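Visitor: The structure's right below; bear with me while I get my questions together.
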Amino acid sequence: MNARILAIDDEESICEIIRYNLNREGHHVDTAFSAEEALEMDLRKYDLFIVDIMMEEMSGFDFAKRLRSGEGTEDVPIIFCSALNGEEDTVTGLNIGADDYVTKPFKMSELIARVNAVLRRAAFARKAAEASAISSNDDVLEKPIEYKGLVLDPNSKECYIDGIPVSLTKTEFEILEFFLTHRNRIYSREEIIRRVWADDVVVTTRTIDTNITRLRKKIGAYGNNIETRLGFGYGFKEKD
């Protein structure tokens with residue numbers, strides 16, 4: 001998707017590099033060389049902000065707080081791009097409401113990938129919000145089930161990873177839905193069968209193993225969160 005992006009950094013050369021490369025990707029990028037300069041612009045027209053943290057007067061953290069408390073910018077995605085690489089800095093940025101955090105020096109290919117992933121997630125969230133807004137009071141939509149970039153929509157029965165659709169069978173979807181709503185516990189194959197399959201369906205333990213093997217492959221890196229405990233069964237474990 002093409003997006004309007006504002007890059008804010010007191011190093012003009014970095015702004016220019018970001019502008020040039022993201023424009024080549026089809027986005028439209030404006031630049032500002034301070035938070036104060038950015039605040040004079042119409043911020044409501046942007047789909048994404050890329051913000052440096054260590055700027056001379058107002059910091060990127062303070063600028064992001066303004067965005068999150070402002071009308072029309074409270075939900076616009078923010079990516080911090082900073083030389084601050086400590087865990088505390090990253091946690092502070094994410095707690096303020098940033099959607100991602102990239103440390104300098106960075107590879108442009110990585111920043112482009114992160115920008116596109118954040119935009120896909122934002123587009124999915126807007127789509128879900130719009131669908132919820134037009135639903136009637138008698139037809140309330142269920143909230144998406146999320147774990148980091150892995151999202152299940154129980155209404156449309158669709159799975160997304162970083163906003164990209166993943167094709168799952170009905171059984172694979174229901175197994176993953178069960179795991180994501182019952183995390184950090186190991187369930188026996190018999191328990192999984194009772195939770196996922198109808199009572200009148202005969203299912204072997206081999207069927208469980210086959211479906212989980214296929215599911216792991218389809219959800220990529222998140223397949224590592226599905227743990228096997230020999231002699232016990234399977235479960236979905238949250239990981240840092």
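In the structure tokens, chains take the letters A, B, ... in the order shown, each chain's residues start at 1, and ligands count up from 1 in the order shown.
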Could you pull the residues within 12 Å of Val196 (chain A), counting only C-alpha atoms, minus those fewer than 6 positions along the same chain, as a list in words?
Guide: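 Result of the neighbour search: Lys170, Thr171, Glu172, Phe173, Glu174, Ile175, Leu176, Glu177, Phe178, Phe179, Arg189, Glu190, Val202, Val203, Ile208 and Asn211 of chain A.
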Visitor: For the strand (DSSP E) assignment from backbone DSSP, which residues of region 48-100 of chain A qualify? Please present them as a PyMOL selection string.
Guide: chain A and resi 48-51+78-82+100
Visitor: Kindly indicate which residue among A:Leu150, A:Ser156, A:Ile193, A:Ile164 lies nearest to Ala221 (chain A), using only C-alpha atoms for the distances.
Guide: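 Among the listed residues, the smallest separation from Ala221 (chain A) belongs to A:Leu150.
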Visitor: With distances taken over only C-alpha atoms, which of A:Asp162, A:Asp153, A:Glu56, A:Glu71 is nearest to Asp99 (chain A)?
Guide: A:Asp162
Visitor: Could you list, as a PDB file with N, CA and C atoms, in the first residue's frame, every residue within 10 Å of region 36-39 of chain A, counting only C-alpha atoms and ignoring same-chain residues fewer than 5 positions away?
Guide:
```pdb
ATOM      1  N   LEU A   6       5.842  10.811   7.349  1.00  0.00           N
ATOM      2  CA  LEU A   6       6.652  11.943   7.789  1.00  0.00           C
ATOM      3  C   LEU A   6       7.855  11.408   8.556  1.00  0.00           C
ATOM      4  N   ALA A   7       9.065  11.722   8.050  1.00  0.00           N
ATOM      5  CA  ALA A   7      10.308  11.337   8.710  1.00  0.00           C
ATOM      6  C   ALA A   7      10.850  12.552   9.453  1.00  0.00           C
ATOM      7  N   ILE A   8      11.128  12.371  10.752  1.00  0.00           N
ATOM      8  CA  ILE A   8      11.575  13.483  11.599  1.00  0.00           C
ATOM      9  C   ILE A   8      12.923  13.124  12.210  1.00  0.00           C
ATOM     10  N   ASP A   9      13.960  13.854  11.844  1.00  0.00           N
ATOM     11  CA  ASP A   9      15.313  13.595  12.337  1.00  0.00           C
ATOM     12  C   ASP A   9      16.125  14.875  12.172  1.00  0.00           C
ATOM     13  N   ASP A  30       7.459  13.090   3.433  1.00  0.00           N
ATOM     14  CA  ASP A  30       7.868  14.443   3.786  1.00  0.00           C
ATOM     15  C   ASP A  30       8.876  14.359   4.925  1.00  0.00           C
ATOM     16  N   THR A  31       9.628  15.426   5.130  1.00  0.00           N
ATOM     17  CA  THR A  31      10.652  15.419   6.174  1.00  0.00           C
ATOM     18  C   THR A  31      10.535  16.651   7.051  1.00  0.00           C
ATOM     19  N   GLU A  57      15.859  20.009  21.076  1.00  0.00           N
ATOM     20  CA  GLU A  57      14.935  20.573  22.067  1.00  0.00           C
ATOM     21  C   GLU A  57      13.891  19.535  22.480  1.00  0.00           C
ATOM     22  N   MET A  58      12.817  19.426  21.712  1.00  0.00           N
ATOM     23  CA  MET A  58      11.819  18.410  22.045  1.00  0.00           C
ATOM     24  C   MET A  58      12.293  17.046  21.556  1.00  0.00           C
ATOM     25  N   SER A  59      12.278  16.051  22.438  1.00  0.00           N
ATOM     26  CA  SER A  59      12.725  14.707  22.074  1.00  0.00           C
ATOM     27  C   SER A  59      11.646  13.979  21.285  1.00  0.00           C
ATOM     28  N   PHE A  63       7.521  14.145  21.476  1.00  0.00           N
ATOM     29  CA  PHE A  63       6.726  14.346  20.265  1.00  0.00           C
ATOM     30  C   PHE A  63       5.688  13.232  20.122  1.00  0.00           C
ATOM     31  N   ARG A  66       2.734  13.761  22.255  1.00  0.00           N
ATOM     32  CA  ARG A  66       1.828  14.748  21.663  1.00  0.00           C
ATOM     33  C   ARG A  66       0.923  14.075  20.630  1.00  0.00           C
ATOM     34  N   LEU A  67       1.534  13.206  19.805  1.00  0.00           N
ATOM     35  CA  LEU A  67       0.739  12.510  18.794  1.00  0.00           C
ATOM     36  C   LEU A  67      -0.341  11.659  19.441  1.00  0.00           C
TER      37      LEU A  67
END
```
Visitor: Using only C-alpha atoms, which of the listed residues (A:Tyr46, A:Tyr147, A:Phe33, A:Phe236) sits closest to Tyr187 (chain A)?
Guide: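 Selected residue with least distance to Tyr187 (chain A): A:Phe236.
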Visitor: So which one's closest to Arg229 (chain A), A:Lys217, A:Arg195, A:Arg185, A:Lys127? Using only C-alpha atoms, please.
Guide: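 Residue with the minimum atom-to-atom distance to Arg229 (chain A): A:Arg185.
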Visitor: Out of A:Ile79, A:Ala35, A:Ile145, A:Ile212, which residue has the shortest atom-to-atom distance to Asn225 (chain A) when counting only C-alpha atoms?
Guide: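 Answer, going by the shortest atom-to-atom distance: A:Ile212.
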Visitor: Restricting the calculation to only C-alpha atoms: of A:Thr181, A:Thr205, A:Gly220, A:Ile186, which residue gets closest to Gly235 (chain A)?
Guide: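 Under the stated criterion, the closest residue is A:Ile186.
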